[in-house]
Amino acid sequence: MRYVDEFRDPDAVRRLADAVLARASRSWTLMEVCGGQTHSILSSGIDALIAERVELLHGPGCPVCVTPLETLDRAQALAARPDVVLCSFGDMLRVPASRGDLFAARARGADVRVVYSPLDAARLAERLPGREVVFLAVGFETTAPAVAGAARWALARGLRNFHLLASHVRVPPALEAIAGAGDSRVDAFLAAGHVCTVMGTAEYAPIARRHRMPVVVTGFEPVDILQGALLAVEQLERGEARVQIQYARAVRPDGNPVARALLEEVFEVADRSWRGVGLLPDGGLRLRGPYAQLDAERLLPAELAGAPEPAECRAAEVLRGRIRPPECGAFGGRCTPDHPLGAPMVSAEGACAAYFAYRAAPEPEEDVA
Ligand code: SF4
């Protein structure tokens, strides 16, 4: 398949891995930001090819994983109302909140539905004028434009029963927090190519400058990631720290101006809590101007009692690259994709799910003697 096969070519992978090893005069630690990159790394095994000189740490780029428990509890409270239809993407329905996940809420009688786009939820609101349709909107700058488009569509039609429980997050403040942490081991970032396809690269230049850290905007296939690693290592070896684009087939420095304009029309930058990371200044988006009337918080003004995170889940350390999932005592035992304790074991982009899928210890052989 064009644009895929050539980026999974084993010979190209081997050549690039050799080039990384040849260029690195010492050990370097790179953090891939996006969970999609983490899954690609673990499923292809490219981390092992360069492990002698380059350690790949997994970053916080899983939007399902960083959605705060409080938001999930709000979704549960909204879903419990008999007049509400709660919609979201499939992953979100399996993330544990204080009282179980949204599938459990559905089993208790709530009207919880999986949709494939925010516009599907808006259209549902049009078809069900007697119900309040709430879309639980999570994601990075990649998914926010589609939500913004649905918001504009709903407002243009005067739909008063379409609401957004919006918990969109922005990547650059998270990189700033990781780079600025006193105990950070990260030498360079492999930034998320799809986020920069929308947003461009300008937001990353101050991070590279301030922390003397290369930021290489990288794609998702094994060849992409190894090219990104090579560019980062070359910069580090030369003592440089700038933004470079590896994922040039999709990313332009100014991103997608149409999508950015739509985002700016519907959302404004705001402080936001990231699950496992804490409150990040300018870490998210909130509805602005006339779009604020779509905010689902208006349906649920009461404060919710905050619930503590499960004590044994070490997702906060996983999301900051401080431990790898198998270092969590619950990994593969109390916590599995069928019975997740934390969001990183649920999401298709979660690091714990990736390790479980590709690196979990094999089942012991049956003793046939
Ligand atoms: S393995 Fe499970 S319990 Fe441990 S950090 Fe990951 S999600 Fe949390």
# chains A, B, ... in the order shown; residues from 1 in each chain; ligands from 1
call {"tool": "residues_near_ligand", "arguments": {"ligand": "ligand 1", "cutoff": "10 Å", "atoms": "only C-alpha atoms and all ligand atoms", "output": "JSON list (two decimals) with C-alpha atoms, in the first residue's frame"}}
result
[["chain", "number", "residue", "atom", "x", "y", "z"],
["A", 65, "CYS", "CA", -5.45, 8.34, 29.44],
["A", 95, "VAL", "CA", -12.26, 4.00, 31.00],
["A", 96, "PRO", "CA", -12.86, 3.41, 34.70],
["A", 276, "GLY", "CA", -1.72, 11.73, 36.09],
["A", 309, "GLU", "CA", -7.37, 7.71, 41.92],
["A", 310, "PRO", "CA", -6.97, 3.94, 42.50],
["A", 311, "ALA", "CA", -3.95, 3.70, 44.80],
["A", 312, "GLU", "CA", -2.17, 0.89, 43.01],
["A", 313, "CYS", "CA", -2.40, 2.43, 39.53],
["A", 314, "ARG", "CA", 0.90, 4.13, 38.61],
["A", 315, "ALA", "CA", -0.43, 5.78, 35.46],
["A", 316, "ALA", "CA", 0.95, 9.17, 36.53],
["A", 317, "GLU", "CA", 4.50, 7.79, 36.40],
["A", 318, "VAL", "CA", 3.82, 5.91, 33.15],
["A", 319, "LEU", "CA", 2.48, 9.05, 31.48],
["A", 323, "ILE", "CA", 8.44, 4.01, 34.79],
["A", 324, "ARG", "CA", 7.54, 1.47, 32.14],
["A", 325, "PRO", "CA", 4.20, -0.32, 32.55],
["A", 326, "PRO", "CA", 5.68, -3.68, 33.62],
["A", 327, "GLU", "CA", 7.18, -1.89, 36.65],
["A", 328, "CYS", "CA", 3.63, -1.36, 37.95],
["A", 329, "GLY", "CA", 2.78, -4.16, 40.37],
["A", 330, "ALA", "CA", -0.71, -4.54, 38.92],
["A", 331, "PHE", "CA", 0.44, -4.93, 35.30],
["A", 332, "GLY", "CA", -0.83, -8.10, 33.71],
["A", 333, "GLY", "CA", -2.30, -9.35, 36.99],
["A", 334, "ARG", "CA", -4.88, -7.15, 38.64],
["A", 335, "CYS", "CA", -4.80, -4.89, 35.58],
["A", 336, "THR", "CA", -5.39, -6.27, 32.09],
["A", 337, "PRO", "CA", -7.27, -4.94, 29.03],
["A", 339, "HIS", "CA", -10.16, -5.67, 33.66],
["A", 340, "PRO", "CA", -8.31, -2.34, 33.50],
["A", 341, "LEU", "CA", -7.52, -0.41, 36.67],
["A", 342, "GLY", "CA", -6.31, 2.64, 34.80],
["A", 343, "ALA", "CA", -6.87, 4.39, 31.49],
["A", 344, "PRO", "CA", -3.47, 3.48, 29.95],
["A", 345, "MET", "CA", -4.61, -0.15, 29.93],
["A", 346, "VAL", "CA", -7.83, 0.76, 28.10],
["A", 347, "SER", "CA", -6.99, 3.03, 25.26],
["A", 350, "GLY", "CA", -2.25, 3.60, 26.09],
["A", 351, "ALA", "CA", 1.30, 2.51, 26.95],
["A", 352, "CYS", "CA", 0.10, -0.20, 29.36],
["A", 353, "ALA", "CA", -2.14, -1.71, 26.67],
["A", 355, "TYR", "CA", 3.09, -3.47, 26.64],
["A", 356, "PHE", "CA", 0.35, -5.97, 27.39]]
call {"tool": "select_by_dssp", "arguments": {"residues": "range 119-250 of chain A", "states": "strand (DSSP E or B)", "output": "number ranges by chain"}}
result
A: 132-139, 162-169, 188-192, 215-218, 243-245
call {"tool": "closest_residue", "arguments": {"among": "A:Ala80, A:Leu285, A:Leu279, A:Leu230", "to": "Ala144 in chain A", "atoms": "only C-alpha atoms"}}
result
A:Leu285
call {"tool": "select_by_dssp", "arguments": {"residues": "range 91-123 of chain A", "states": "alpha helix (DSSP H)", "output": "list in words"}}
result
Asp91, Met92, Leu93, Leu102, Phe103, Ala104, Ala105, Arg106, Ala107, Pro118, Leu119, Asp120, Ala121, Ala122 and Arg123 of chain A
call {"tool": "closest_atom_pairs", "arguments": {"of": "range 236-291 of chain A", "to": "range 23-42 of chain A", "cutoff": "12 Å", "atoms": "only C-alpha atoms", "output": "Markdown table"}}
result
| residue | atom | partner | partner_atom | distance |
| --- | --- | --- | --- | --- |
| A:Leu236 | CA | A:Trp28 | CA | 8.3 |
| A:Glu237 | CA | A:Ala24 | CA | 7.0 |
| A:Arg238 | CA | A:Arg23 | CA | 10.4 |
call {"tool": "closest_residue", "arguments": {"among": "A:Leu287, A:Val198, A:Ala105, A:Ala146", "to": "Val251 in chain A", "atoms": "only C-alpha atoms"}}
result
A:Val198
call {"tool": "closest_residue", "arguments": {"among": "A:Ala241, A:Ala150, A:Ala181, A:Val195", "to": "Phe162 in chain A", "atoms": "only C-alpha atoms"}}
result
A:Ala150
call {"tool": "residues_around", "arguments": {"residues": "Ala192 in chain A", "least_positions_apart": "3", "cutoff": "12 Å", "atoms": "only C-alpha atoms", "output": "ChimeraX atom specification"}}
result
/A:31-38,58-62,140-142,170-172,175,189,195-201,204,215-221,224-225,228,245-247,250-251
call {"tool": "write_last_selection", "arguments": {"atoms": "C-alpha atoms", "output": "short mmCIF file (atom, residue, chain, number, x, y, z; two decimals), in the first residue's frame"}}
result
data_model
loop_
_atom_site.label_atom_id
_atom_site.label_comp_id
_atom_site.auth_asym_id
_atom_site.auth_seq_id
_atom_site.Cartn_x
_atom_site.Cartn_y
_atom_site.Cartn_z
CA MET A 31 10.65 10.59 24.31
CA GLU A 32 8.05 9.76 21.69
CA VAL A 33 5.07 11.88 22.57
CA CYS A 34 2.17 10.03 21.00
CA GLY A 35 0.67 6.73 22.10
CA GLY A 36 0.27 5.74 18.44
CA GLN A 37 4.05 5.99 18.11
CA THR A 38 4.45 3.89 21.28
CA HIS A 58 6.95 6.81 26.25
CA GLY A 59 5.20 10.15 26.67
CA PRO A 60 1.76 11.36 27.72
CA GLY A 61 0.20 11.36 24.24
CA CYS A 62 -2.88 9.30 24.94
CA PHE A 140 -5.64 16.54 21.44
CA GLU A 141 -5.53 19.23 18.79
CA THR A 142 -6.11 16.46 16.25
CA ARG A 170 -2.95 20.77 24.18
CA VAL A 171 0.37 19.00 23.72
CA PRO A 172 2.96 21.83 24.04
CA LEU A 175 6.11 18.89 26.83
CA PHE A 189 11.26 14.86 21.87
CA VAL A 195 -1.01 17.17 16.10
CA CYS A 196 1.43 19.29 14.08
CA THR A 197 -0.49 18.50 10.87
CA VAL A 198 -3.22 20.64 12.41
CA MET A 199 -1.27 23.10 14.53
CA GLY A 200 2.04 23.49 12.71
CA THR A 201 5.34 23.74 14.53
CA TYR A 204 7.46 23.98 19.77
CA VAL A 215 11.99 18.57 18.88
CA VAL A 216 11.55 16.39 15.80
CA VAL A 217 8.00 16.22 14.47
CA THR A 218 7.69 12.54 13.64
CA GLY A 219 5.26 10.18 11.95
CA PHE A 220 3.97 6.84 13.12
CA GLU A 221 5.50 4.02 11.10
CA ASP A 224 9.25 7.45 10.38
CA ILE A 225 10.22 6.89 14.00
CA GLY A 228 12.95 10.98 13.65
CA ILE A 245 9.98 18.05 10.57
CA GLN A 246 10.45 14.36 9.75
CA TYR A 247 6.75 13.86 8.88
CA ALA A 250 1.73 15.62 6.23
CA VAL A 251 3.11 18.51 8.26
#
call {"tool": "atom_distance", "arguments": {"atom1": "CA of Val85 in chain A", "atom2": "CA of Val266 in chain A"}}
result
22.8 Å
call {"tool": "closest_residue", "arguments": {"among": "A:Val243, A:Ala51, A:Ala229, A:Val223", "to": "Pro10 in chain A", "atoms": "only C-alpha atoms"}}
result
A:Val223
